[in-house]
file data-v4.pdb (PDB, C-alpha atoms)
ATOM      1  CA  MET K 156     -11.742 -26.684 -21.867
ATOM      2  CA  LYS K 157     -13.033 -30.214 -21.360
ATOM      3  CA  LYS K 158     -16.686 -30.890 -22.123
ATOM      4  CA  THR K 159     -18.600 -32.814 -19.521
ATOM      5  CA  LYS K 160     -21.100 -35.307 -20.786
ATOM      6  CA  GLN K 161     -24.634 -34.252 -20.022
ATOM      7  CA  PRO K 162     -26.818 -36.935 -18.453
ATOM      8  CA  GLN K 163     -29.168 -38.528 -20.932
ATOM      9  CA  SER K 164     -32.617 -36.996 -20.766
ATOM     10  CA  ASP K 165     -35.381 -39.462 -19.999
ATOM     11  CA  SER K 166     -38.748 -39.517 -18.289
ATOM     12  CA  GLU K 167     -37.128 -39.642 -14.870
ATOM     13  CA  THR K 168     -35.271 -36.364 -15.352
ATOM     14  CA  ARG K 169     -38.616 -34.540 -15.205
ATOM     15  CA  ALA K 170     -39.058 -35.468 -11.536
ATOM     16  CA  THR K 171     -37.882 -33.241  -8.741
ATOM     17  CA  SER K 172     -37.697 -33.700  -4.991
ATOM     18  CA  GLU K 173     -40.993 -31.809  -4.794
ATOM     19  CA  HIS K 174     -42.797 -34.664  -6.556
ATOM     20  CA  THR K 175     -44.196 -37.553  -4.563
ATOM     21  CA  GLN K 176     -42.106 -40.683  -4.128
ATOM     22  CA  ALA K 177     -44.782 -42.597  -6.060
ATOM     23  CA  LEU K 178     -44.430 -40.290  -9.086
ATOM     24  CA  ARG K 179     -40.621 -40.475  -8.960
ATOM     25  CA  LEU K 180     -40.827 -44.281  -8.767
ATOM     26  CA  TRP K 181     -43.218 -44.393 -11.742
ATOM     27  CA  LEU K 182     -40.905 -42.200 -13.816
ATOM     28  CA  ARG K 183     -37.880 -44.337 -12.884
ATOM     29  CA  MET K 184     -39.727 -47.531 -13.918
ATOM     30  CA  LEU K 185     -40.737 -45.858 -17.183
ATOM     31  CA  ALA K 186     -37.150 -44.710 -17.826
ATOM     32  CA  CYS K 187     -35.830 -48.240 -17.195
ATOM     33  CA  THR K 188     -38.475 -49.768 -19.442
ATOM     34  CA  ASN K 189     -37.682 -47.308 -22.229
ATOM     35  CA  LEU K 190     -33.925 -47.907 -21.943
ATOM     36  CA  ILE K 191     -34.327 -51.693 -22.086
ATOM     37  CA  GLU K 192     -36.874 -51.540 -24.915
ATOM     38  CA  GLY K 193     -34.597 -49.220 -26.884
ATOM     39  CA  GLN K 194     -31.723 -51.670 -26.517
ATOM     40  CA  ILE K 195     -33.912 -54.582 -27.626
ATOM     41  CA  ARG K 196     -35.259 -52.640 -30.631
ATOM     42  CA  SER K 197     -31.744 -51.669 -31.703
ATOM     43  CA  ARG K 198     -30.341 -55.178 -31.305
ATOM     44  CA  LEU K 199     -33.242 -56.797 -33.177
ATOM     45  CA  ARG K 200     -32.775 -54.332 -36.034
ATOM     46  CA  THR K 201     -28.977 -54.700 -36.123
ATOM     47  CA  GLN K 202     -28.666 -58.449 -35.670
ATOM     48  CA  PHE K 203     -31.849 -59.743 -37.326
ATOM     49  CA  ASP K 204     -33.116 -56.854 -39.481
ATOM     50  CA  ILE K 205     -36.506 -57.049 -37.787
ATOM     51  CA  THR K 206     -38.646 -54.630 -35.805
ATOM     52  CA  LEU K 207     -39.910 -55.217 -32.283
ATOM     53  CA  PRO K 208     -43.580 -55.376 -33.420
ATOM     54  CA  ARG K 209     -42.697 -58.090 -35.953
ATOM     55  CA  PHE K 210     -40.765 -59.983 -33.261
ATOM     56  CA  ASP K 211     -43.765 -59.619 -30.916
ATOM     57  CA  LEU K 212     -46.177 -60.999 -33.527
ATOM     58  CA  MET K 213     -43.923 -63.964 -34.200
ATOM     59  CA  SER K 214     -43.612 -64.495 -30.440
ATOM     60  CA  GLN K 215     -47.391 -64.689 -30.081
ATOM     61  CA  LEU K 216     -47.569 -67.218 -32.922
ATOM     62  CA  GLU K 217     -44.716 -69.282 -31.477
ATOM     63  CA  ARG K 218     -46.763 -69.702 -28.286
ATOM     64  CA  SER K 219     -49.808 -70.807 -30.298
ATOM     65  CA  PRO K 220     -48.683 -73.456 -32.817
ATOM     66  CA  GLU K 221     -52.292 -73.959 -33.952
ATOM     67  CA  GLY K 222     -52.277 -70.319 -35.073
ATOM     68  CA  LEU K 223     -54.290 -67.273 -34.106
ATOM     69  CA  LYS K 224     -57.015 -65.206 -35.690
ATOM     70  CA  MET K 225     -56.031 -61.681 -36.667
ATOM     71  CA  GLY K 226     -58.366 -60.232 -34.027
ATOM     72  CA  GLU K 227     -56.761 -62.334 -31.309
ATOM     73  CA  LEU K 228     -53.297 -61.215 -32.417
ATOM     74  CA  SER K 229     -54.471 -57.604 -32.288
ATOM     75  CA  LYS K 230     -55.841 -58.075 -28.769
ATOM     76  CA  ARG K 231     -52.732 -59.852 -27.478
ATOM     77  CA  MET K 232     -50.376 -57.286 -28.978
ATOM     78  CA  MET K 233     -52.611 -54.382 -27.926
ATOM     79  CA  VAL K 234     -52.483 -52.775 -31.371
ATOM     80  CA  THR K 235     -55.071 -52.081 -34.049
ATOM     81  CA  GLY K 236     -56.163 -54.674 -36.553
ATOM     82  CA  GLY K 237     -54.630 -52.532 -39.290
ATOM     83  CA  ASN K 238     -51.226 -52.725 -37.622
ATOM     84  CA  VAL K 239     -51.475 -56.502 -37.330
ATOM     85  CA  THR K 240     -52.513 -56.767 -40.977
ATOM     86  CA  GLY K 241     -49.532 -54.694 -42.110
ATOM     87  CA  ILE K 242     -47.045 -56.678 -40.039
ATOM     88  CA  THR K 243     -48.602 -59.976 -41.133
ATOM     89  CA  ASP K 244     -48.452 -58.929 -44.800
ATOM     90  CA  GLN K 245     -44.702 -58.256 -44.463
ATOM     91  CA  LEU K 246     -44.063 -61.576 -42.725
ATOM     92  CA  VAL K 247     -46.138 -63.490 -45.321
ATOM     93  CA  THR K 248     -44.091 -61.885 -48.104
ATOM     94  CA  GLU K 249     -40.902 -63.020 -46.372
ATOM     95  CA  GLY K 250     -42.252 -66.570 -45.953
ATOM     96  CA  LEU K 251     -42.165 -66.428 -42.148
ATOM     97  CA  VAL K 252     -45.932 -66.744 -41.577
ATOM     98  CA  VAL K 253     -48.915 -68.025 -43.537
ATOM     99  CA  ARG K 254     -52.580 -67.116 -43.534
ATOM    100  CA  GLU K 255     -54.949 -70.065 -43.671
ATOM    101  CA  ASP K 256     -58.696 -70.116 -44.032
ATOM    102  CA  ASN K 257     -60.464 -70.546 -40.715
ATOM    103  CA  PRO K 258     -62.703 -73.634 -40.986
ATOM    104  CA  MET K 259     -64.881 -72.285 -38.140
ATOM    105  CA  ASP K 260     -65.355 -68.812 -39.624
ATOM    106  CA  ARG K 261     -65.081 -68.203 -43.373
ATOM    107  CA  ARG K 262     -64.657 -64.462 -42.773
ATOM    108  CA  ALA K 263     -61.479 -64.896 -40.719
ATOM    109  CA  TYR K 264     -57.980 -66.202 -41.258
ATOM    110  CA  ILE K 265     -55.690 -68.140 -38.995
ATOM    111  CA  VAL K 266     -52.086 -66.900 -38.967
ATOM    112  CA  LYS K 267     -49.299 -69.402 -38.265
ATOM    113  CA  LEU K 268     -45.528 -69.434 -38.294
ATOM    114  CA  THR K 269     -44.001 -71.351 -41.187
ATOM    115  CA  THR K 270     -41.255 -73.897 -40.558
ATOM    116  CA  GLU K 271     -38.729 -71.254 -41.641
ATOM    117  CA  GLY K 272     -40.439 -68.698 -39.389
ATOM    118  CA  ARG K 273     -40.116 -71.031 -36.401
ATOM    119  CA  LYS K 274     -36.447 -71.641 -37.143
ATOM    120  CA  ILE K 275     -35.648 -67.928 -37.441
ATOM    121  CA  PHE K 276     -37.771 -67.006 -34.423
ATOM    122  CA  LYS K 277     -35.959 -69.600 -32.278
ATOM    123  CA  LYS K 278     -32.621 -67.867 -33.007
ATOM    124  CA  MET K 279     -34.104 -64.448 -32.250
ATOM    125  CA  ALA K 280     -35.751 -65.633 -29.031
ATOM    126  CA  GLU K 281     -32.494 -67.157 -27.778
ATOM    127  CA  ALA K 282     -30.635 -63.900 -28.466
ATOM    128  CA  HIS K 283     -33.475 -61.880 -26.900
ATOM    129  CA  GLU K 284     -33.285 -63.882 -23.684
ATOM    130  CA  LYS K 285     -29.504 -63.378 -23.498
ATOM    131  CA  TRP K 286     -29.967 -59.631 -23.981
ATOM    132  CA  ILE K 287     -32.525 -59.468 -21.165
ATOM    133  CA  VAL K 288     -30.202 -61.398 -18.857
ATOM    134  CA  GLU K 289     -27.398 -58.989 -19.767
ATOM    135  CA  LEU K 290     -29.541 -55.875 -19.320
ATOM    136  CA  LEU K 291     -30.765 -57.011 -15.898
ATOM    137  CA  GLY K 292     -27.286 -58.198 -14.963
ATOM    138  CA  GLY K 293     -26.633 -55.121 -12.845
ATOM    139  CA  MET K 294     -28.831 -56.655 -10.154
ATOM    140  CA  SER K 295     -27.940 -59.680  -8.061
ATOM    141  CA  GLU K 296     -30.135 -62.753  -8.251
ATOM    142  CA  LYS K 297     -31.494 -61.912  -4.800
ATOM    143  CA  GLU K 298     -32.328 -58.363  -5.931
ATOM    144  CA  ARG K 299     -34.081 -59.668  -9.061
ATOM    145  CA  HIS K 300     -36.209 -62.003  -6.906
ATOM    146  CA  GLN K 301     -37.076 -59.155  -4.539
ATOM    147  CA  PHE K 302     -37.883 -56.823  -7.418
ATOM    148  CA  HIS K 303     -40.053 -59.495  -9.047
ATOM    149  CA  ALA K 304     -41.961 -60.000  -5.781
ATOM    150  CA  LEU K 305     -42.427 -56.248  -5.306
ATOM    151  CA  LEU K 306     -43.688 -55.848  -8.856
ATOM    152  CA  ALA K 307     -46.194 -58.663  -8.208
ATOM    153  CA  VAL K 308     -47.563 -56.669  -5.277
ATOM    154  CA  LEU K 309     -47.792 -53.564  -7.450
ATOM    155  CA  LYS K 310     -49.430 -55.480 -10.304
ATOM    156  CA  THR K 311     -52.064 -56.968  -7.995
ATOM    157  CA  HIS K 312     -52.849 -53.602  -6.438
ATOM    158  CA  ALA K 313     -52.861 -51.618  -9.696
ATOM    159  CA  GLY K 314     -55.031 -54.271 -11.349
ATOM    160  CA  GLY K 315     -57.686 -53.872  -8.666
ATOM    161  CA  VAL K 316     -57.716 -50.077  -8.420
ATOM    162  CA  GLY K 317     -60.818 -48.532  -9.947
ATOM    163  CA  LYS K 318     -62.635 -51.811 -10.598
ATOM    164  CA  ASP K 319     -65.429 -50.902  -8.161
ATOM    165  CA  GLU K 320     -65.850 -47.526  -9.914
ATOM    166  CA  ALA K 321     -66.242 -49.198 -13.317
ATOM    167  CA  ARG K 322     -69.230 -51.229 -12.164
TER     168      ARG K 322
END

call {"tool": "encode", "arguments": {"input": "data-v4.pdb", "output": "structure tokens"}}
result
Amino acid sequence: MKKTKQPQSDSETRATSEHTQALRLWLRMLACTNLIEGQIRSRLRTQFDITLPRFDLMSQLERSPEGLKMGELSKRMMVTGGNVTGITDQLVTEGLVVREDNPMDRRAYIVKLTTEGRKIFKKMAEAHEKWIVELLGGMSEKERHQFHALLAVLKTHAGGVGKDEAR
């Protein structure tokens, strides 16, 4: 008797035809995001022995060569200050980032990529971009443009919903 492979369970499998189209769409977007993020996490770990949060922190620092305060890193990464401190400690130990005194605020540090950190991050970022291109390769260029435009509409709408209620 031949076993048939069961479909992988994800957030989308919870939806039924009884659910609204909007809910089914949300669950499909979430499933796609989770699949892509899982691939990126796995590839970063396998090829560079680094976690996605550490890659994200280095990415933020790469975009800000003058460095960032820990609080700004926390805000940009949408994680707690404790998480940023732990990740930064690991990267300092590995010589990929440095903490410098903040001349404007003696209570705060500025975190920057080291020269070695920049060199390593450049290799990771190039691989990351190739992976994203590969993972989105199932769509034509025209479809990617359409999807991008549709997501812009969604982002604009979702960003404005509830703002009047918050005032």

call {"tool": "residues_around", "arguments": {"input": "data-v4.pdb", "residues": "Arg200 of chain K", "least_positions_apart": "5", "cutoff": "12 Å", "atoms": "only C-alpha atoms", "output": "list in words"}}
result
Gly193, Gln194, Ile195, Ile205, Thr206, Leu207, Pro208, Arg209, Phe210, Met279 and His283 of chain K

call {"tool": "closest_residue", "arguments": {"input": "data-v4.pdb", "among": "K:Ile265, K:Ala186, K:Ala177, K:Val252", "to": "Glu221 of chain K", "atoms": "only C-alpha atoms"}}
result
K:Ile265

call {"tool": "resolve_selection", "arguments": {"input": "data-v4.pdb", "expression": "the PyMOL selection byres ((chain K and resi 219) around 12)", "output": "MDAnalysis selection string"}}
result
chainID K and resid 212:218 220:224 227:228 231 265:268 273

call {"tool": "residues_around", "arguments": {"input": "data-v4.pdb", "residues": "segment 285-300 of chain K", "least_positions_apart": "4", "cutoff": "7 Å", "atoms": "all atoms listed in the file", "output": "mmCIF file with C-alpha atoms, keeping the file's coordinate frame"}}
result
data_model
loop_
_atom_site.group_PDB
_atom_site.id
_atom_site.type_symbol
_atom_site.label_atom_id
_atom_site.label_comp_id
_atom_site.auth_asym_id
_atom_site.auth_seq_id
_atom_site.Cartn_x
_atom_site.Cartn_y
_atom_site.Cartn_z
ATOM 1 C CA ILE K 191 -34.327 -51.693 -22.086
ATOM 2 C CA GLU K 281 -32.494 -67.157 -27.778
ATOM 3 C CA ALA K 304 -41.961 -60.000 -5.781
#

call {"tool": "closest_residue", "arguments": {"input": "data-v4.pdb", "among": "K:Thr188, K:Gln245, K:Gln202, K:Thr240", "to": "Tyr264 of chain K", "atoms": "only C-alpha atoms"}}
result
K:Thr240
